[in-house]
>>> print(open('run_29.tsv').read())   # TSV, C-alpha atoms and all ligand atoms
chain	number	residue	atom	x	y	z
L	1	MET	CA	10.97	-2.81	-21.44
L	2	ILE	CA	10.60	-4.19	-17.94
L	3	GLU	CA	7.00	-4.14	-16.74
L	4	VAL	CA	6.03	-4.71	-13.13
L	5	HIS	CA	2.43	-5.49	-12.28
L	6	ASN	CA	0.96	-5.47	-8.78
L	7	LEU	CA	4.00	-6.91	-7.01
L	8	TYR	CA	3.66	-8.11	-3.42
L	9	LYS	CA	6.50	-9.50	-1.30
L	10	GLY	CA	6.73	-10.02	2.43
L	11	PHE	CA	8.59	-12.01	5.05
L	12	ASN	CA	7.05	-13.95	7.92
L	13	GLY	CA	3.64	-12.39	7.34
L	14	VAL	CA	4.98	-8.81	7.18
L	15	GLU	CA	4.37	-7.15	3.81
L	16	VAL	CA	7.35	-5.23	2.44
L	17	LEU	CA	6.22	-4.56	-1.14
L	18	LYS	CA	2.55	-3.68	-1.30
L	19	GLY	CA	1.27	-3.93	-4.85
L	20	ILE	CA	3.91	-2.12	-6.92
L	21	SER	CA	3.23	-1.51	-10.62
L	22	THR	CA	5.56	0.41	-12.90
L	23	THR	CA	7.63	0.20	-16.07
L	24	PHE	CA	11.35	0.67	-16.60
L	25	LEU	CA	12.23	2.40	-19.85
L	26	PRO	CA	14.30	0.51	-22.42
L	27	GLY	CA	17.78	1.87	-23.04
L	28	LYS	CA	17.51	4.35	-20.16
L	29	THR	CA	18.71	4.72	-16.59
L	30	ASN	CA	15.77	4.06	-14.28
L	31	LEU	CA	16.23	4.89	-10.60
L	32	ILE	CA	14.46	3.41	-7.60
L	33	ILE	CA	14.73	5.86	-4.73
L	34	GLY	CA	13.35	6.01	-1.21
L	35	GLN	CA	14.34	6.12	2.41
L	36	SER	CA	16.27	3.35	4.09
L	37	GLY	CA	13.87	0.47	4.73
L	38	SER	CA	11.36	1.54	2.05
L	39	GLY	CA	11.86	-1.77	0.22
L	40	LYS	CA	14.28	-0.84	-2.59
L	41	THR	CA	16.56	-3.87	-2.22
L	42	VAL	CA	13.64	-6.28	-1.81
L	43	PHE	CA	12.13	-4.74	-4.95
L	44	LEU	CA	15.36	-5.07	-6.95
L	45	LYS	CA	15.85	-8.66	-5.82
L	46	SER	CA	12.25	-9.44	-6.73
L	47	LEU	CA	12.84	-8.06	-10.23
L	48	ILE	CA	15.76	-10.39	-10.89
L	49	GLY	CA	14.24	-13.47	-9.30
L	50	LEU	CA	16.28	-13.56	-6.09
L	51	HIS	CA	12.99	-13.13	-4.21
L	52	ILE	CA	9.86	-14.86	-5.41
L	53	PRO	CA	6.88	-12.49	-5.05
L	54	GLU	CA	3.68	-13.70	-3.40
L	55	GLN	CA	1.66	-11.90	-6.03
L	56	GLY	CA	2.22	-9.97	-9.22
L	57	THR	CA	4.45	-10.29	-12.26
L	58	VAL	CA	7.65	-8.91	-13.74
L	59	SER	CA	8.01	-9.16	-17.50
L	60	PHE	CA	11.12	-8.60	-19.60
L	61	ASP	CA	10.21	-7.51	-23.11
L	62	GLY	CA	6.92	-9.34	-22.73
L	63	ARG	CA	8.34	-12.47	-21.04
L	64	ILE	CA	7.12	-13.10	-17.49
L	65	ASN	CA	10.12	-14.32	-15.47
L	66	THR	CA	8.20	-16.69	-13.18
L	67	GLU	CA	6.81	-18.56	-16.20
L	68	PHE	CA	10.19	-19.43	-17.73
L	69	SER	CA	11.22	-23.01	-18.36
L	70	GLN	CA	14.61	-23.98	-16.89
L	71	LYS	CA	16.24	-23.37	-20.26
L	72	GLN	CA	14.58	-19.96	-20.70
L	73	LYS	CA	15.64	-19.01	-17.17
L	74	MET	CA	19.28	-19.80	-17.96
L	75	GLN	CA	19.05	-17.69	-21.11
L	76	TRP	CA	17.42	-14.80	-19.23
L	77	ARG	CA	20.07	-14.93	-16.46
L	78	GLN	CA	22.69	-14.32	-19.12
L	79	GLU	CA	20.84	-11.22	-20.27
L	80	ILE	CA	21.16	-9.67	-16.81
L	81	GLY	CA	24.17	-7.84	-15.39
L	82	MET	CA	24.26	-7.05	-11.69
L	83	VAL	CA	26.37	-4.62	-9.68
L	84	PHE	CA	25.88	-5.62	-6.06
L	85	GLN	CA	26.01	-3.32	-3.05
L	86	GLY	CA	29.67	-3.10	-1.93
L	87	SER	CA	30.85	-4.49	-5.31
L	88	ALA	CA	30.86	-8.16	-4.09
L	89	LEU	CA	34.14	-9.09	-5.79
L	90	PHE	CA	35.89	-12.36	-5.05
L	91	ASP	CA	38.70	-11.24	-2.72
L	92	SER	CA	41.11	-14.04	-3.61
L	93	GLN	CA	40.73	-13.61	-7.36
L	94	THR	CA	42.47	-11.05	-9.55
L	95	VAL	CA	40.60	-8.35	-11.46
L	96	GLU	CA	40.87	-10.44	-14.60
L	97	GLU	CA	39.52	-13.58	-12.91
L	98	ASN	CA	36.64	-11.64	-11.35
L	99	VAL	CA	35.57	-10.19	-14.69
L	100	MET	CA	36.04	-13.50	-16.51
L	101	PHE	CA	33.84	-15.37	-14.03
L	102	PRO	CA	30.49	-15.03	-15.91
L	103	LEU	CA	32.15	-16.00	-19.20
L	104	LYS	CA	33.56	-19.17	-17.64
L	105	MET	CA	30.23	-19.96	-16.06
L	106	PHE	CA	27.93	-19.33	-19.01
L	107	THR	CA	29.96	-19.70	-22.21
L	108	ASP	CA	32.31	-22.15	-23.86
L	109	LYS	CA	34.65	-19.50	-25.24
L	110	SER	CA	38.37	-20.26	-25.39
L	111	GLN	CA	40.73	-18.68	-22.85
L	112	ALA	CA	42.02	-16.29	-25.54
L	113	GLU	CA	38.49	-15.21	-26.51
L	114	MET	CA	37.54	-14.69	-22.88
L	115	LEU	CA	40.68	-12.67	-22.21
L	116	ASP	CA	39.98	-10.53	-25.24
L	117	ARG	CA	36.46	-9.76	-24.01
L	118	VAL	CA	37.71	-9.09	-20.45
L	119	ASN	CA	40.29	-6.63	-21.77
L	120	THR	CA	37.65	-4.88	-23.89
L	121	VAL	CA	35.36	-4.23	-20.92
L	122	LEU	CA	38.23	-3.31	-18.60
L	123	THR	CA	39.32	-0.72	-21.14
L	124	ARG	CA	35.71	0.50	-21.38
L	125	VAL	CA	35.61	1.18	-17.63
L	126	ASN	CA	39.06	2.83	-17.82
L	127	LEU	CA	40.82	0.10	-15.93
L	128	ASP	CA	43.69	-0.91	-18.13
L	129	ASN	CA	46.82	-2.38	-16.51
L	130	SER	CA	45.06	-3.75	-13.44
L	131	ASN	CA	44.39	-7.31	-14.65
L	132	LYS	CA	46.64	-9.03	-12.15
L	133	LYS	CA	45.72	-6.95	-9.11
L	134	LEU	CA	43.62	-8.25	-6.24
L	135	PRO	CA	40.52	-6.26	-5.14
L	136	ALA	CA	42.28	-5.28	-1.90
L	137	GLU	CA	44.90	-3.43	-3.93
L	138	LEU	CA	42.26	-1.19	-5.56
L	139	SER	CA	40.45	1.94	-4.37
L	140	GLY	CA	36.68	1.79	-3.76
L	141	GLY	CA	36.03	3.56	-7.07
L	142	MET	CA	38.27	1.09	-8.95
L	143	GLN	CA	36.48	-1.83	-7.30
L	144	LYS	CA	33.17	-0.43	-8.59
L	145	ARG	CA	34.68	-0.26	-12.08
L	146	VAL	CA	35.62	-3.94	-11.83
L	147	ALA	CA	32.08	-4.75	-10.66
L	148	ILE	CA	30.66	-2.80	-13.63
L	149	ALA	CA	33.06	-4.54	-16.04
L	150	ARG	CA	31.97	-7.93	-14.68
L	151	ALA	CA	28.31	-6.91	-15.00
L	152	ILE	CA	28.66	-5.97	-18.69
L	153	VAL	CA	31.10	-8.68	-19.79
L	154	MET	CA	28.23	-10.85	-21.08
L	155	ASN	CA	26.83	-7.89	-23.05
L	156	PRO	CA	23.58	-7.80	-21.03
L	157	LYS	CA	20.22	-6.38	-22.09
L	158	TYR	CA	19.40	-5.39	-18.53
L	159	LEU	CA	21.69	-3.95	-15.87
L	160	PHE	CA	20.75	-3.82	-12.18
L	161	CYS	CA	22.81	-1.81	-9.70
L	162	ASP	CA	22.21	-1.84	-5.95
L	163	GLU	CA	23.54	1.38	-4.40
L	164	PRO	CA	26.50	1.65	-6.81
L	165	ASN	CA	27.71	4.78	-5.00
L	166	SER	CA	27.75	3.45	-1.47
L	167	GLY	CA	31.04	4.13	0.26
L	168	LEU	CA	32.35	6.51	-2.41
L	169	ASP	CA	33.19	10.19	-2.00
L	170	PRO	CA	30.79	12.52	-3.88
L	171	GLN	CA	33.17	13.20	-6.79
L	172	THR	CA	33.97	9.53	-7.40
L	173	ALA	CA	30.25	8.77	-7.07
L	174	ILE	CA	29.48	11.17	-9.92
L	175	VAL	CA	32.19	9.56	-12.09
L	176	ILE	CA	30.68	6.11	-11.46
L	177	ASP	CA	27.15	7.44	-12.17
L	178	ASN	CA	28.32	8.93	-15.44
L	179	LEU	CA	30.07	5.70	-16.40
L	180	ILE	CA	26.85	3.75	-15.84
L	181	GLN	CA	24.91	6.33	-17.87
L	182	GLU	CA	27.43	6.19	-20.75
L	183	ILE	CA	27.39	2.39	-20.82
L	184	THR	CA	23.58	2.39	-20.74
L	185	ASP	CA	23.46	4.74	-23.75
L	186	GLU	CA	26.26	3.05	-25.66
L	187	TYR	CA	25.00	-0.53	-25.35
L	188	LYS	CA	21.29	0.43	-25.17
L	189	ILE	CA	20.85	-1.40	-21.89
L	190	THR	CA	17.77	-1.08	-19.71
L	191	THR	CA	19.37	-0.07	-16.43
L	192	VAL	CA	17.71	-0.08	-13.01
L	193	ILE	CA	19.56	1.51	-10.10
L	194	ASN	CA	18.72	1.55	-6.41
L	195	THR	CA	19.94	4.68	-4.73
L	196	HIS	CA	19.28	7.23	-2.06
L	197	ASP	CA	21.85	9.61	-3.52
L	198	MET	CA	20.20	12.83	-4.70
L	199	ASN	CA	23.22	13.61	-6.87
L	200	SER	CA	22.42	10.48	-8.88
L	201	VAL	CA	18.85	11.68	-9.28
L	202	ILE	CA	20.10	14.97	-10.70
L	203	GLU	CA	22.83	13.40	-12.87
L	204	ILE	CA	21.28	10.29	-14.37
L	205	GLY	CA	17.60	9.86	-13.42
L	206	GLU	CA	15.83	9.43	-16.75
L	207	LYS	CA	12.94	7.70	-14.98
L	208	ILE	CA	12.51	7.73	-11.23
L	209	VAL	CA	10.32	5.47	-9.11
L	210	PHE	CA	9.91	6.64	-5.53
L	211	LEU	CA	9.10	4.00	-2.92
L	212	ASN	CA	7.63	4.88	0.44
L	213	LYS	CA	6.93	2.08	2.93
L	214	GLY	CA	6.68	-0.51	0.16
L	215	ILE	CA	4.32	1.52	-1.99
L	216	LYS	CA	5.14	3.34	-5.21
L	217	ALA	CA	4.36	6.82	-3.94
L	218	TRP	CA	5.46	8.72	-7.06
L	219	GLU	CA	7.13	8.30	-10.44
L	220	GLY	CA	8.45	10.76	-12.99
L	221	THR	CA	11.62	12.35	-14.36
L	222	SER	CA	14.51	14.10	-12.63
L	223	GLU	CA	13.06	17.39	-13.89
L	224	ASP	CA	9.62	16.76	-12.36
L	225	ILE	CA	10.93	15.61	-9.02
L	226	PHE	CA	12.07	19.02	-7.82
L	227	SER	CA	8.74	20.67	-8.47
L	228	THR	CA	6.37	17.95	-7.29
L	229	ASP	CA	4.07	18.69	-4.38
L	230	SER	CA	3.93	15.04	-3.26
L	231	GLU	CA	4.56	15.33	0.47
L	232	ALA	CA	6.56	12.09	0.77
L	233	VAL	CA	8.81	12.97	-2.18
L	234	VAL	CA	9.35	16.52	-0.97
L	235	SER	CA	10.43	15.41	2.50
L	236	PHE	CA	12.84	12.86	0.95
L	237	VAL	CA	14.29	15.14	-1.72
L	238	TYR	CA	14.58	18.19	0.50
L	239	SER	CA	15.92	16.39	3.55
L	240	SER	CA	18.98	18.65	3.80
L	241	ASN	CA	18.74	22.24	5.02
L	242	LEU	CA	20.70	23.39	1.97
L	243	LEU	CA	18.12	21.96	-0.43
L	244	LYS	CA	15.24	23.32	1.70
L	245	LYS	CA	16.77	26.76	1.26
L	246	VAL	CA	17.21	26.24	-2.50
L	247	ARG	CA	13.54	25.23	-2.77
L	248	GLN	CA	12.51	28.33	-0.89
L	249	VAL	CA	14.63	30.68	-3.00
L	250	TYR	CA	14.06	29.18	-6.45
L	251	LEU	CA	10.54	27.77	-6.20
L	252	ASN	CA	9.22	30.10	-3.53
L	253	LYS	CA	7.88	27.06	-1.64
L	254	THR	CA	8.47	26.17	1.99
L	255	LEU	CA	8.09	22.83	3.73
C	301	LIG	N1	15.20	-11.56	3.98
C	301	LIG	C1	14.46	-10.77	4.74
C	301	LIG	N2	13.74	-11.28	5.76
C	301	LIG	C2	12.95	-10.49	6.53
C	301	LIG	N3	12.80	-9.16	6.33
C	301	LIG	C3	13.48	-8.59	5.33
C	301	LIG	C4	14.35	-9.36	4.48
C	301	LIG	N4	14.89	-8.52	3.55
C	301	LIG	C5	14.39	-7.29	3.83
C	301	LIG	N5	13.56	-7.33	4.89
C	301	LIG	C6	12.85	-6.17	5.46
C	301	LIG	O1	12.25	-5.46	4.39
C	301	LIG	C7	12.27	-4.06	4.67
C	301	LIG	C8	12.85	-3.32	3.47
C	301	LIG	O2	14.23	-3.65	3.36
C	301	LIG	P1	15.13	-3.21	2.13
C	301	LIG	O3	16.48	-3.78	2.36
C	301	LIG	O4	14.46	-3.54	0.86
C	301	LIG	O5	15.16	-1.62	2.32
C	301	LIG	P2	15.98	-0.55	1.46
C	301	LIG	O6	15.00	0.48	1.02
C	301	LIG	O7	16.77	-1.22	0.42
C	301	LIG	O8	16.92	0.06	2.58
C	301	LIG	P3	18.46	0.56	2.49
C	301	LIG	O9	18.41	1.84	1.69
C	301	LIG	O10	18.83	0.80	3.92
C	301	LIG	O11	19.28	-0.51	1.83
C	301	LIG	C9	13.06	-3.86	5.94
C	301	LIG	O12	12.16	-3.68	7.01
C	301	LIG	C10	13.81	-5.18	6.10
C	301	LIG	O13	14.01	-5.50	7.45
>>> encode(input="run_29.tsv", output="structure tokens", more="lines below")
Ligand SMILES: Nc1ncnc2c1ncn2[C@@H]1O[C@H](COP(=O)(O)OP(=O)(O)OP(=O)(O)O)[C@@H](O)[C@H]1O
Amino acid sequence: MIEVHNLYKGFNGVEVLKGISTTFLPGKTNLIIGQSGSGKTVFLKSLIGLHIPEQGTVSFDGRINTEFSQKQKMQWRQEIGMVFQGSALFDSQTVEENVMFPLKMFTDKSQAEMLDRVNTVLTRVNLDNSNKKLPAELSGGMQKRVAIARAIVMNPKYLFCDEPNSGLDPQTAIVIDNLIQEITDEYKITTVINTHDMNSVIEIGEKIVFLNKGIKAWEGTSEDIFSTDSEAVVSFVYSSNLLKKVRQVYLNKTL
């Protein structure tokens, strides 16, 4: 389980995260949602140590990440897979080289062992026969698959995804969401996803944390979110006229 306690982070005296506490469920897909600028990326980066919080703690199965020794930090880094916004693949490297990168960096496996592992995860994300292609030769959805393969190649305990659907059409976005959900279930990973895609909330939100102006304004499940009366959540969730109408018809509630 990932436990966050009273997390504060700001820049140049301006607070962005204002005392966030929550837990992310083990072996589940946990979503962080909220409007643009609500602090989702800063929060995600603070969880994985790319931002150092001014106050508060993040613990991974009871281990507080800011208290790690150098050796423990290296170990913990290897337990984390990350899918960055926009995939963040190395443009000049092939699919195979991109996915092999963490293995080369963190392990002393032989080339044959690494290749075997790379092929296993590429098959898992349904990307056989693309080993020698460059990212530019792939569609956006295929690039996300490569990014997911790279994120799971080290068999991580925790998977963090920053807007994994950005730039994808709605149908491809659902396929990528489902892939992340399947991998989470299969490998029992604790997955944390930043998104503002309501389809993701419906499809894969086993736990949802809603941020509003750097504060955790609500948390619950994808079932609860459509019936909550929290004003901030309602105005985020029902931001489209179509959903406003659905709310009116099915829940007999107006905004
Ligand atoms: N390195 C930084 N230095 C200064 N301010 C920052 C930095 N990173 C983020 N911020 C500020 O923190 C606030 C929250 O940004 P953040 O990127 O976390 O929002 P977000 O919810 O992820 O938005 P989006 O959905 O558009 O990606 C913004 O006002 C942003 O300008």
>>> residues_near_ligand(input="run_29.tsv", ligand="ligand LIG 301 (chain C)", cutoff="9 Å", atoms="all atoms listed in the file", output="PyMOL selection string")
chain L and resi 10-12+14-17+33-45+51+85+162-163+194-196+211-214
>>> closest_residue(input="run_29.tsv", among="L:Asn30, L:Gln72, L:Gln143, L:Ser46", to="L:Glu219", atoms="only C-alpha atoms")
L:Asn30
>>> residues_around(input="run_29.tsv", residues="stretch 191-193 of chain L", least_positions_apart="3", cutoff="8 Å", atoms="only C-alpha atoms", output="PyMOL selection string")
chain L and resi 24+26-32+158-164+184
>>> residues_around(input="run_29.tsv", residues="L:Glu97", least_positions_apart="4", cutoff="12 Å", atoms="only C-alpha atoms", output="number ranges by chain")
L: 89-93, 101-105, 111, 114-115, 118-119, 122, 130-135, 146-147, 149-150, 153
>>> atom_distance(input="run_29.tsv", atom1="atom CA of L:Leu168", atom2="atom CA of L:Leu47")
25.6 Å
>>> atom_distance(input="run_29.tsv", atom1="atom CA of L:Ile64", atom2="atom CA of L:Glu206")
24.2 Å
>>> atom_distance(input="run_29.tsv", atom1="atom CA of L:Asp177", atom2="atom CA of L:Asn165")
7.7 Å
>>> closest_residue(input="run_29.tsv", among="L:Gly220, L:Gly167, L:Gly81, L:Gly86", to="L:Ile189", atoms="all atoms listed in the file")
L:Gly81
>>> residues_near_point(input="run_29.tsv", point="(6.4, -8.1, -6.5)", cutoff="9 Å", atoms="only C-alpha atoms", output="list in words")
Val4, His5, Asn6, Leu7, Tyr8, Lys9, Leu17, Lys18, Gly19, Ile20, Ser21, Val42, Phe43, Ser46, Leu47, His51, Ile52, Pro53, Glu54, Gln55, Gly56, Thr57 and Val58 of chain L
>>> axis_aligned_box(input="run_29.tsv", around="stretch 25-32 of chain L", padding_each_side="5 Å", output="AutoDock Vina command-line options")
--center_x 15.5 --center_y 2.7 --center_z -15.3 --size_x 16.5 --size_y 14.4 --size_z 25.4
>>> closest_residue(input="run_29.tsv", among="L:Ala217, L:Val249, L:Val95, L:Met1", to="L:Val234", atoms="all atoms listed in the file")
L:Ala217
>>> residues_around(input="run_29.tsv", residues="L:Ser59", least_positions_apart="2", cutoff="6 Å", atoms="only C-alpha atoms", output="PyMOL selection string")
chain L and resi 2-3+62-65
>>> residues_around(input="run_29.tsv", residues="L:Glu79", least_positions_apart="6", cutoff="8 Å", atoms="only C-alpha atoms", output="ChimeraX atom specification")
/L:154-158
>>> build_atoms(input="run_29.tsv", residues="stretch 166-184 of chain L", atoms="N, CA and C atoms", output="PDB file, in the frame of the given file")
ATOM      1  N   SER L 166      27.554   3.549  -2.924  1.00  0.00           N
ATOM      2  CA  SER L 166      27.750   3.450  -1.470  1.00  0.00           C
ATOM      3  C   SER L 166      29.243   3.368  -1.158  1.00  0.00           C
ATOM      4  N   GLY L 167      29.653   4.140  -0.180  1.00  0.00           N
ATOM      5  CA  GLY L 167      31.040   4.130   0.260  1.00  0.00           C
ATOM      6  C   GLY L 167      31.987   4.983  -0.574  1.00  0.00           C
ATOM      7  N   LEU L 168      31.466   5.682  -1.573  1.00  0.00           N
ATOM      8  CA  LEU L 168      32.350   6.510  -2.410  1.00  0.00           C
ATOM      9  C   LEU L 168      32.208   7.982  -2.034  1.00  0.00           C
ATOM     10  N   ASP L 169      33.295   8.746  -2.224  1.00  0.00           N
ATOM     11  CA  ASP L 169      33.190  10.190  -2.000  1.00  0.00           C
ATOM     12  C   ASP L 169      32.326  10.787  -3.124  1.00  0.00           C
ATOM     13  N   PRO L 170      31.748  11.982  -2.903  1.00  0.00           N
ATOM     14  CA  PRO L 170      30.790  12.520  -3.880  1.00  0.00           C
ATOM     15  C   PRO L 170      31.345  12.654  -5.297  1.00  0.00           C
ATOM     16  N   GLN L 171      32.620  13.027  -5.428  1.00  0.00           N
ATOM     17  CA  GLN L 171      33.170  13.200  -6.790  1.00  0.00           C
ATOM     18  C   GLN L 171      33.314  11.868  -7.514  1.00  0.00           C
ATOM     19  N   THR L 172      33.832  10.857  -6.784  1.00  0.00           N
ATOM     20  CA  THR L 172      33.970   9.530  -7.400  1.00  0.00           C
ATOM     21  C   THR L 172      32.582   8.965  -7.718  1.00  0.00           C
ATOM     22  N   ALA L 173      31.617   9.249  -6.840  1.00  0.00           N
ATOM     23  CA  ALA L 173      30.250   8.770  -7.070  1.00  0.00           C
ATOM     24  C   ALA L 173      29.705   9.308  -8.386  1.00  0.00           C
ATOM     25  N   ILE L 174      29.972  10.567  -8.675  1.00  0.00           N
ATOM     26  CA  ILE L 174      29.480  11.170  -9.920  1.00  0.00           C
ATOM     27  C   ILE L 174      30.161  10.516 -11.133  1.00  0.00           C
ATOM     28  N   VAL L 175      31.466  10.221 -10.987  1.00  0.00           N
ATOM     29  CA  VAL L 175      32.190   9.560 -12.090  1.00  0.00           C
ATOM     30  C   VAL L 175      31.571   8.184 -12.364  1.00  0.00           C
ATOM     31  N   ILE L 176      31.272   7.448 -11.295  1.00  0.00           N
ATOM     32  CA  ILE L 176      30.680   6.110 -11.460  1.00  0.00           C
ATOM     33  C   ILE L 176      29.275   6.225 -12.068  1.00  0.00           C
ATOM     34  N   ASP L 177      28.488   7.199 -11.579  1.00  0.00           N
ATOM     35  CA  ASP L 177      27.150   7.440 -12.170  1.00  0.00           C
ATOM     36  C   ASP L 177      27.254   7.695 -13.666  1.00  0.00           C
ATOM     37  N   ASN L 178      28.188   8.577 -14.024  1.00  0.00           N
ATOM     38  CA  ASN L 178      28.320   8.930 -15.440  1.00  0.00           C
ATOM     39  C   ASN L 178      28.762   7.736 -16.278  1.00  0.00           C
ATOM     40  N   LEU L 179      29.629   6.901 -15.690  1.00  0.00           N
ATOM     41  CA  LEU L 179      30.070   5.700 -16.400  1.00  0.00           C
ATOM     42  C   LEU L 179      28.871   4.782 -16.666  1.00  0.00           C
ATOM     43  N   ILE L 180      28.027   4.609 -15.659  1.00  0.00           N
ATOM     44  CA  ILE L 180      26.850   3.750 -15.840  1.00  0.00           C
ATOM     45  C   ILE L 180      25.927   4.347 -16.913  1.00  0.00           C
ATOM     46  N   GLN L 181      25.766   5.661 -16.873  1.00  0.00           N
ATOM     47  CA  GLN L 181      24.910   6.330 -17.870  1.00  0.00           C
ATOM     48  C   GLN L 181      25.476   6.145 -19.294  1.00  0.00           C
ATOM     49  N   GLU L 182      26.799   6.318 -19.416  1.00  0.00           N
ATOM     50  CA  GLU L 182      27.430   6.190 -20.750  1.00  0.00           C
ATOM     51  C   GLU L 182      27.264   4.765 -21.284  1.00  0.00           C
ATOM     52  N   ILE L 183      27.496   3.795 -20.396  1.00  0.00           N
ATOM     53  CA  ILE L 183      27.390   2.390 -20.820  1.00  0.00           C
ATOM     54  C   ILE L 183      25.950   2.067 -21.207  1.00  0.00           C
ATOM     55  N   THR L 184      25.006   2.587 -20.437  1.00  0.00           N
ATOM     56  CA  THR L 184      23.580   2.390 -20.740  1.00  0.00           C
ATOM     57  C   THR L 184      23.258   2.912 -22.139  1.00  0.00           C
TER      58      THR L 184
END
